[in-house]
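Asks: Sharing a structure with you now.
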Amino acid sequence: MSATSEDAALAGVSPALVLLHGGGPGVDAGSNWESVRSRFSDEFRCLAPDLLGFGTQIAGSAGIKGPRAWAMARARQVLDILDRHGLERVHLVGNSAAGGAAALALLSVAPDRIERAVVMGGAGTGPLPPAIPFYDDPTKSSMRAALSRLVADESVHDELLDELTDIRMRQALSPGAESAFRSMFADVTGGPPPIDLTKIVNPVLALHGECDRVSPVEVSERLVDALPDARLEVVAGAGHWIHVDRPDEFCSLVGEFLSA
């Protein structure tokens, strides 16, 4: 976690909001939440940590294998952060297969530490991807193509995607990044049991982009059907990155739900 994130978490008053980034190659918290972080900081104390296996948190993540093990390890990581800051209860926003899955894991193991949670893009509850993005062809054009799939219309975000391509190339090729990333999507037997979604009692808002090219809306529909206290908002015109394609609507939906 950056010094800025920690300072923001300690300065201000409650409520606290933990932003858990997505799981693409080379991702980090800062670049993932750039489009909306400052807007949430007006209303919440925001923490935006790099999750295990990404950004500043690659070292020390060896030995974790499979999506369920990674989700639980990240849940423990977030609990350690809350304890370090003396935060008893927080809101969560979890993005996709990394942050969303970690949010669900947190809700399952420590419901008393979470007020409300927003999860995006199916929260990693869909099938494993058929191929590992970027690393089978670790080139700049491959990274650009992987990022382009995350928005509804890449022509609208050309400058941003070019900038993120350079940032993520550097981070994706850092020591240990590839082996960590591949292990996140390993189809393993054993390990932690699947999360029992029917026992998650906290209020959950699931957001899904209408034009998501990574995970179909049906994944979030099944997720919401399984959760006891959840609703789904499908954001028109948005891709997998709702917060980039439709930042105003994203912030309004999240803010209204967390303040209810």
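FYI, nothing fancy with the structure tokens labels: chains A, B, ... in order, residues from 1 per chain, ligands from 1 as they appear.
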If you run DSSP over the backbone, which residues in range 127-240 of chain A end up helix (DSSP H, G or I)? Put them as a VMD selection string.

Replies: chain A and resid 140 to 148 154 to 172 177 to 184 197 to 199 217 to 226

Asks: Just C-alpha atoms for this one: save the residues we selected as a PDB file, in the first residue's frame.

Replies:
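Below you can see selection.pdb, which holds the result:
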ATOM      1  CA  LYS A 140       3.189  -4.574 -25.882  1.00  0.00           C
ATOM      2  CA  SER A 141       0.533  -5.323 -28.488  1.00  0.00           C
ATOM      3  CA  SER A 142      -0.692  -8.285 -26.435  1.00  0.00           C
ATOM      4  CA  MET A 143      -0.990  -6.123 -23.311  1.00  0.00           C
ATOM      5  CA  ARG A 144      -2.846  -3.434 -25.269  1.00  0.00           C
ATOM      6  CA  ALA A 145      -5.256  -6.035 -26.628  1.00  0.00           C
ATOM      7  CA  ALA A 146      -5.883  -7.443 -23.136  1.00  0.00           C
ATOM      8  CA  LEU A 147      -6.667  -3.977 -21.780  1.00  0.00           C
ATOM      9  CA  SER A 148      -8.896  -3.120 -24.726  1.00  0.00           C
ATOM     10  CA  GLU A 154     -11.502   1.263 -26.887  1.00  0.00           C
ATOM     11  CA  SER A 155     -11.537   4.259 -29.256  1.00  0.00           C
ATOM     12  CA  VAL A 156     -13.006   6.353 -26.429  1.00  0.00           C
ATOM     13  CA  HIS A 157     -10.081   5.496 -24.140  1.00  0.00           C
ATOM     14  CA  ASP A 158      -7.095   5.370 -26.516  1.00  0.00           C
ATOM     15  CA  GLU A 159      -4.897   7.692 -24.458  1.00  0.00           C
ATOM     16  CA  LEU A 160      -5.671   5.941 -21.182  1.00  0.00           C
ATOM     17  CA  LEU A 161      -5.109   2.488 -22.659  1.00  0.00           C
ATOM     18  CA  ASP A 162      -1.762   3.550 -24.126  1.00  0.00           C
ATOM     19  CA  GLU A 163      -0.668   4.909 -20.742  1.00  0.00           C
ATOM     20  CA  LEU A 164      -1.826   1.800 -18.875  1.00  0.00           C
ATOM     21  CA  THR A 165      -0.123  -0.460 -21.389  1.00  0.00           C
ATOM     22  CA  ASP A 166       3.251   1.045 -20.498  1.00  0.00           C
ATOM     23  CA  ILE A 167       2.576   0.931 -16.749  1.00  0.00           C
ATOM     24  CA  ARG A 168       1.345  -2.632 -16.796  1.00  0.00           C
ATOM     25  CA  MET A 169       4.099  -3.899 -19.075  1.00  0.00           C
ATOM     26  CA  ARG A 170       6.681  -2.814 -16.512  1.00  0.00           C
ATOM     27  CA  GLN A 171       4.798  -4.373 -13.622  1.00  0.00           C
ATOM     28  CA  ALA A 172       3.796  -7.570 -15.415  1.00  0.00           C
ATOM     29  CA  ALA A 177       4.881 -11.513 -11.471  1.00  0.00           C
ATOM     30  CA  GLU A 178       4.315 -14.157 -14.141  1.00  0.00           C
ATOM     31  CA  SER A 179       4.550 -17.172 -11.846  1.00  0.00           C
ATOM     32  CA  ALA A 180       2.209 -15.501  -9.339  1.00  0.00           C
ATOM     33  CA  PHE A 181      -0.311 -14.650 -12.049  1.00  0.00           C
ATOM     34  CA  ARG A 182      -0.322 -18.122 -13.565  1.00  0.00           C
ATOM     35  CA  SER A 183      -0.857 -19.692 -10.154  1.00  0.00           C
ATOM     36  CA  MET A 184      -3.949 -17.535  -9.600  1.00  0.00           C
ATOM     37  CA  LEU A 197     -22.632 -17.825  -0.894  1.00  0.00           C
ATOM     38  CA  THR A 198     -25.943 -18.682   0.759  1.00  0.00           C
ATOM     39  CA  LYS A 199     -24.423 -17.911   4.178  1.00  0.00           C
ATOM     40  CA  VAL A 217     -23.973 -10.656 -17.216  1.00  0.00           C
ATOM     41  CA  GLU A 218     -25.331 -14.124 -16.429  1.00  0.00           C
ATOM     42  CA  VAL A 219     -22.393 -14.665 -14.045  1.00  0.00           C
ATOM     43  CA  SER A 220     -23.573 -11.807 -11.835  1.00  0.00           C
ATOM     44  CA  GLU A 221     -27.183 -12.923 -12.163  1.00  0.00           C
ATOM     45  CA  ARG A 222     -26.266 -16.330 -10.728  1.00  0.00           C
ATOM     46  CA  LEU A 223     -24.201 -14.679  -7.995  1.00  0.00           C
ATOM     47  CA  VAL A 224     -27.080 -12.458  -6.887  1.00  0.00           C
ATOM     48  CA  ASP A 225     -29.514 -15.377  -6.973  1.00  0.00           C
ATOM     49  CA  ALA A 226     -27.253 -17.258  -4.530  1.00  0.00           C
TER      50      ALA A 226
END

Asks: So which residues of range 75-153 of chain A fall under strand (DSSP E or B) by DSSP, listed as a ChimeraX atom specification?

Replies: /A:90-95,114-120

Asks: Quick one: write out the picked residues with N, CA, C and O atoms as a PDB file, in the first residue's frame?

Replies:
ATOM      1  N   VAL A  90     -15.816  -1.797   7.866  1.00  0.00           N
ATOM      2  CA  VAL A  90     -15.579  -1.005   6.663  1.00  0.00           C
ATOM      3  C   VAL A  90     -16.565  -1.426   5.574  1.00  0.00           C
ATOM      4  O   VAL A  90     -17.188  -2.487   5.645  1.00  0.00           O
ATOM      5  N   HIS A  91     -16.678  -0.575   4.572  1.00  0.00           N
ATOM      6  CA  HIS A  91     -17.326  -0.952   3.321  1.00  0.00           C
ATOM      7  C   HIS A  91     -16.267  -1.497   2.371  1.00  0.00           C
ATOM      8  O   HIS A  91     -15.082  -1.154   2.477  1.00  0.00           O
ATOM      9  N   LEU A  92     -16.719  -2.317   1.413  1.00  0.00           N
ATOM     10  CA  LEU A  92     -15.824  -2.872   0.402  1.00  0.00           C
ATOM     11  C   LEU A  92     -16.337  -2.556  -1.001  1.00  0.00           C
ATOM     12  O   LEU A  92     -17.545  -2.566  -1.238  1.00  0.00           O
ATOM     13  N   VAL A  93     -15.411  -2.306  -1.917  1.00  0.00           N
ATOM     14  CA  VAL A  93     -15.701  -2.372  -3.340  1.00  0.00           C
ATOM     15  C   VAL A  93     -14.667  -3.320  -3.925  1.00  0.00           C
ATOM     16  O   VAL A  93     -13.460  -3.065  -3.832  1.00  0.00           O
ATOM     17  N   GLY A  94     -15.121  -4.431  -4.492  1.00  0.00           N
ATOM     18  CA  GLY A  94     -14.215  -5.445  -5.021  1.00  0.00           C
ATOM     19  C   GLY A  94     -14.395  -5.617  -6.518  1.00  0.00           C
ATOM     20  O   GLY A  94     -15.500  -5.901  -6.998  1.00  0.00           O
ATOM     21  N   ASN A  95     -13.315  -5.448  -7.244  1.00  0.00           N
ATOM     22  CA  ASN A  95     -13.345  -5.475  -8.696  1.00  0.00           C
ATOM     23  C   ASN A  95     -12.946  -6.847  -9.233  1.00  0.00           C
ATOM     24  O   ASN A  95     -11.818  -7.299  -9.024  1.00  0.00           O
ATOM     25  N   ILE A 114     -17.436  -6.147   8.067  1.00  0.00           N
ATOM     26  CA  ILE A 114     -17.887  -5.518   6.827  1.00  0.00           C
ATOM     27  C   ILE A 114     -19.298  -4.974   6.998  1.00  0.00           C
ATOM     28  O   ILE A 114     -20.194  -5.680   7.479  1.00  0.00           O
ATOM     29  N   GLU A 115     -19.498  -3.721   6.597  1.00  0.00           N
ATOM     30  CA  GLU A 115     -20.841  -3.138   6.595  1.00  0.00           C
ATOM     31  C   GLU A 115     -21.591  -3.556   5.327  1.00  0.00           C
ATOM     32  O   GLU A 115     -22.552  -4.309   5.385  1.00  0.00           O
ATOM     33  N   ARG A 116     -21.157  -3.041   4.198  1.00  0.00           N
ATOM     34  CA  ARG A 116     -21.764  -3.326   2.909  1.00  0.00           C
ATOM     35  C   ARG A 116     -20.668  -3.564   1.887  1.00  0.00           C
ATOM     36  O   ARG A 116     -19.543  -3.063   2.050  1.00  0.00           O
ATOM     37  N   ALA A 117     -21.004  -4.298   0.833  1.00  0.00           N
ATOM     38  CA  ALA A 117     -19.996  -4.615  -0.182  1.00  0.00           C
ATOM     39  C   ALA A 117     -20.575  -4.444  -1.580  1.00  0.00           C
ATOM     40  O   ALA A 117     -21.728  -4.800  -1.845  1.00  0.00           O
ATOM     41  N   VAL A 118     -19.746  -3.908  -2.457  1.00  0.00           N
ATOM     42  CA  VAL A 118     -20.050  -3.819  -3.880  1.00  0.00           C
ATOM     43  C   VAL A 118     -19.060  -4.720  -4.608  1.00  0.00           C
ATOM     44  O   VAL A 118     -17.845  -4.646  -4.349  1.00  0.00           O
ATOM     45  N   VAL A 119     -19.559  -5.589  -5.474  1.00  0.00           N
ATOM     46  CA  VAL A 119     -18.673  -6.434  -6.275  1.00  0.00           C
ATOM     47  C   VAL A 119     -18.974  -6.204  -7.749  1.00  0.00           C
ATOM     48  O   VAL A 119     -20.105  -5.897  -8.125  1.00  0.00           O
ATOM     49  N   MET A 120     -17.945  -6.360  -8.567  1.00  0.00           N
ATOM     50  CA  MET A 120     -18.038  -5.982  -9.976  1.00  0.00           C
ATOM     51  C   MET A 120     -17.682  -7.158 -10.884  1.00  0.00           C
ATOM     52  O   MET A 120     -16.836  -7.988 -10.545  1.00  0.00           O
TER      53      MET A 120
END

Asks: Just checking: using only C-alpha atoms, which residue out of A:Ala131, A:Asp187, A:Phe40, A:His85 ends up closest to Leu253 in chain A?

Replies: A:Phe40

Asks: For Pro138 in chain A, which of A:Leu82, A:Leu150, A:Leu19, A:Leu173 is the closest residue, counting only C-alpha atoms?

Replies: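 Going through A:Leu82, A:Leu150, A:Leu19, A:Leu173 one by one, the smallest distance to Pro138 in chain A is for A:Leu173.
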
Asks: I'd like the neighbourhood of Gly99 in chain A as a PyMOL selection string, where a residue qualifies if any of its atoms comes within 12 Å (using only C-alpha atoms), though same-chain residues fewer than 6 positions away should be ignored.

Replies: chain A and resi 18-24+27-29+32-33+48-54+67+70-75+77-78+92-93+105-106+117-125

Asks: Identify, on the basis of only C-alpha atoms, every residue whose closest approach to Val235 in chain A does not exceed 12 Å; exclude the query and any residue fewer than 6 positions from it along the same chain; express the result as a PDB file with N, CA, C and O atoms, in the first residue's frame.

Replies:
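Done, and the output landed in out-v4.pdb:
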ATOM      1  N   MET A 120     -17.945  -6.360  -8.567  1.00  0.00           N
ATOM      2  CA  MET A 120     -18.038  -5.982  -9.976  1.00  0.00           C
ATOM      3  C   MET A 120     -17.682  -7.158 -10.884  1.00  0.00           C
ATOM      4  O   MET A 120     -16.836  -7.988 -10.545  1.00  0.00           O
ATOM      5  N   GLY A 121     -18.334  -7.205 -12.032  1.00  0.00           N
ATOM      6  CA  GLY A 121     -17.940  -8.125 -13.090  1.00  0.00           C
ATOM      7  C   GLY A 121     -18.026  -9.594 -12.749  1.00  0.00           C
ATOM      8  O   GLY A 121     -17.299 -10.409 -13.318  1.00  0.00           O
ATOM      9  N   ALA A 152     -15.832  -0.900 -23.115  1.00  0.00           N
ATOM     10  CA  ALA A 152     -16.845  -1.166 -24.130  1.00  0.00           C
ATOM     11  C   ALA A 152     -16.388  -0.708 -25.508  1.00  0.00           C
ATOM     12  O   ALA A 152     -16.632  -1.387 -26.511  1.00  0.00           O
ATOM     13  N   ALA A 206     -24.192  -5.997  -6.672  1.00  0.00           N
ATOM     14  CA  ALA A 206     -23.400  -6.506  -7.787  1.00  0.00           C
ATOM     15  C   ALA A 206     -23.583  -5.577  -8.985  1.00  0.00           C
ATOM     16  O   ALA A 206     -24.712  -5.298  -9.386  1.00  0.00           O
ATOM     17  N   LEU A 207     -22.477  -5.098  -9.519  1.00  0.00           N
ATOM     18  CA  LEU A 207     -22.502  -4.255 -10.710  1.00  0.00           C
ATOM     19  C   LEU A 207     -21.911  -5.018 -11.890  1.00  0.00           C
ATOM     20  O   LEU A 207     -20.888  -5.693 -11.748  1.00  0.00           O
ATOM     21  N   HIS A 208     -22.556  -4.894 -13.037  1.00  0.00           N
ATOM     22  CA  HIS A 208     -22.056  -5.581 -14.228  1.00  0.00           C
ATOM     23  C   HIS A 208     -22.286  -4.697 -15.444  1.00  0.00           C
ATOM     24  O   HIS A 208     -23.365  -4.113 -15.597  1.00  0.00           O
ATOM     25  N   GLY A 209     -21.278  -4.580 -16.267  1.00  0.00           N
ATOM     26  CA  GLY A 209     -21.407  -3.802 -17.488  1.00  0.00           C
ATOM     27  C   GLY A 209     -22.223  -4.537 -18.532  1.00  0.00           C
ATOM     28  O   GLY A 209     -22.017  -5.729 -18.776  1.00  0.00           O
ATOM     29  N   GLU A 210     -23.135  -3.828 -19.159  1.00  0.00           N
ATOM     30  CA  GLU A 210     -23.983  -4.418 -20.193  1.00  0.00           C
ATOM     31  C   GLU A 210     -23.146  -4.983 -21.344  1.00  0.00           C
ATOM     32  O   GLU A 210     -23.513  -5.999 -21.950  1.00  0.00           O
ATOM     33  N   CYS A 211     -22.018  -4.337 -21.622  1.00  0.00           N
ATOM     34  CA  CYS A 211     -21.187  -4.724 -22.766  1.00  0.00           C
ATOM     35  C   CYS A 211     -19.903  -5.437 -22.337  1.00  0.00           C
ATOM     36  O   CYS A 211     -18.889  -5.396 -23.050  1.00  0.00           O
ATOM     37  N   ASP A 212     -19.935  -6.080 -21.188  1.00  0.00           N
ATOM     38  CA  ASP A 212     -18.752  -6.771 -20.643  1.00  0.00           C
ATOM     39  C   ASP A 212     -18.314  -7.875 -21.605  1.00  0.00           C
ATOM     40  O   ASP A 212     -19.076  -8.794 -21.902  1.00  0.00           O
ATOM     41  N   VAL A 217     -23.092 -11.119 -18.287  1.00  0.00           N
ATOM     42  CA  VAL A 217     -23.973 -10.656 -17.216  1.00  0.00           C
ATOM     43  C   VAL A 217     -24.560 -11.820 -16.433  1.00  0.00           C
ATOM     44  O   VAL A 217     -24.818 -11.707 -15.223  1.00  0.00           O
ATOM     45  N   TRP A 241     -14.841  -2.748 -17.214  1.00  0.00           N
ATOM     46  CA  TRP A 241     -14.405  -1.616 -16.385  1.00  0.00           C
ATOM     47  C   TRP A 241     -15.524  -0.582 -16.296  1.00  0.00           C
ATOM     48  O   TRP A 241     -15.486   0.456 -16.953  1.00  0.00           O
ATOM     49  N   ILE A 242     -16.504  -0.839 -15.471  1.00  0.00           N
ATOM     50  CA  ILE A 242     -17.626   0.087 -15.320  1.00  0.00           C
ATOM     51  C   ILE A 242     -17.138   1.443 -14.841  1.00  0.00           C
ATOM     52  O   ILE A 242     -17.623   2.491 -15.280  1.00  0.00           O
ATOM     53  N   HIS A 243     -16.178   1.438 -13.927  1.00  0.00           N
ATOM     54  CA  HIS A 243     -15.687   2.686 -13.333  1.00  0.00           C
ATOM     55  C   HIS A 243     -14.927   3.549 -14.329  1.00  0.00           C
ATOM     56  O   HIS A 243     -14.750   4.744 -14.091  1.00  0.00           O
ATOM     57  N   VAL A 244     -14.490   2.966 -15.429  1.00  0.00           N
ATOM     58  CA  VAL A 244     -13.806   3.726 -16.484  1.00  0.00           C
ATOM     59  C   VAL A 244     -14.799   4.152 -17.559  1.00  0.00           C
ATOM     60  O   VAL A 244     -14.805   5.301 -18.006  1.00  0.00           O
ATOM     61  N   ASP A 245     -15.660   3.239 -17.985  1.00  0.00           N
ATOM     62  CA  ASP A 245     -16.633   3.549 -19.032  1.00  0.00           C
ATOM     63  C   ASP A 245     -17.736   4.487 -18.561  1.00  0.00           C
ATOM     64  O   ASP A 245     -18.184   5.360 -19.309  1.00  0.00           O
ATOM     65  N   ARG A 246     -18.189   4.305 -17.324  1.00  0.00           N
ATOM     66  CA  ARG A 246     -19.307   5.090 -16.794  1.00  0.00           C
ATOM     67  C   ARG A 246     -18.986   5.544 -15.363  1.00  0.00           C
ATOM     68  O   ARG A 246     -19.657   5.163 -14.403  1.00  0.00           O
ATOM     69  N   PRO A 247     -17.973   6.399 -15.191  1.00  0.00           N
ATOM     70  CA  PRO A 247     -17.559   6.771 -13.832  1.00  0.00           C
ATOM     71  C   PRO A 247     -18.639   7.493 -13.033  1.00  0.00           C
ATOM     72  O   PRO A 247     -18.763   7.272 -11.825  1.00  0.00           O
ATOM     73  N   ASP A 248     -19.420   8.362 -13.674  1.00  0.00           N
ATOM     74  CA  ASP A 248     -20.463   9.087 -12.941  1.00  0.00           C
ATOM     75  C   ASP A 248     -21.511   8.128 -12.398  1.00  0.00           C
ATOM     76  O   ASP A 248     -21.892   8.201 -11.215  1.00  0.00           O
ATOM     77  N   GLU A 249     -21.989   7.233 -13.258  1.00  0.00           N
ATOM     78  CA  GLU A 249     -23.011   6.288 -12.821  1.00  0.00           C
ATOM     79  C   GLU A 249     -22.444   5.324 -11.782  1.00  0.00           C
ATOM     80  O   GLU A 249     -23.119   4.982 -10.812  1.00  0.00           O
ATOM     81  N   PHE A 250     -21.203   4.901 -11.991  1.00  0.00           N
ATOM     82  CA  PHE A 250     -20.558   4.005 -11.035  1.00  0.00           C
ATOM     83  C   PHE A 250     -20.495   4.638  -9.654  1.00  0.00           C
ATOM     84  O   PHE A 250     -20.897   4.026  -8.654  1.00  0.00           O
ATOM     85  N   CYS A 251     -20.005   5.859  -9.582  1.00  0.00           N
ATOM     86  CA  CYS A 251     -19.872   6.528  -8.286  1.00  0.00           C
ATOM     87  C   CYS A 251     -21.223   6.775  -7.635  1.00  0.00           C
ATOM     88  O   CYS A 251     -21.361   6.649  -6.408  1.00  0.00           O
ATOM     89  N   SER A 252     -22.222   7.103  -8.440  1.00  0.00           N
ATOM     90  CA  SER A 252     -23.564   7.321  -7.882  1.00  0.00           C
ATOM     91  C   SER A 252     -24.138   6.036  -7.311  1.00  0.00           C
ATOM     92  O   SER A 252     -24.671   6.026  -6.193  1.00  0.00           O
ATOM     93  N   LEU A 253     -24.038   4.947  -8.053  1.00  0.00           N
ATOM     94  CA  LEU A 253     -24.582   3.674  -7.588  1.00  0.00           C
ATOM     95  C   LEU A 253     -23.882   3.205  -6.319  1.00  0.00           C
ATOM     96  O   LEU A 253     -24.533   2.778  -5.356  1.00  0.00           O
TER      97      LEU A 253
END

Asks: Using only C-alpha atoms, pick whichever of A:Leu205, A:Asp229, A:Arg149, A:Gly239 has the shortest atom-to-atom distance to Gly100 in chain A.

Replies: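 With only C-alpha atoms as the atom set, the closest residue is A:Leu205.
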
Asks: Using only C-alpha atoms, find the one residue out of A:Ala59, A:Leu17, A:Ala97, A:Ile64 that sits nearest to Leu47 in chain A.

Replies: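 For Leu47 in chain A, the nearest of the given residues is A:Leu17.
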
Asks: My list of candidates is A:Glu43, A:Ala186, A:Ser174, A:Arg84. Which is closest to Glu256 in chain A when distances are computed with only C-alpha atoms?

Replies: A:Glu43

Asks: Quick one, how far is CA of Pro192 in chain A from CA of Gln57 in chain A?

Replies: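 Rounded to one decimal, the two atoms are 21.4 Å apart.
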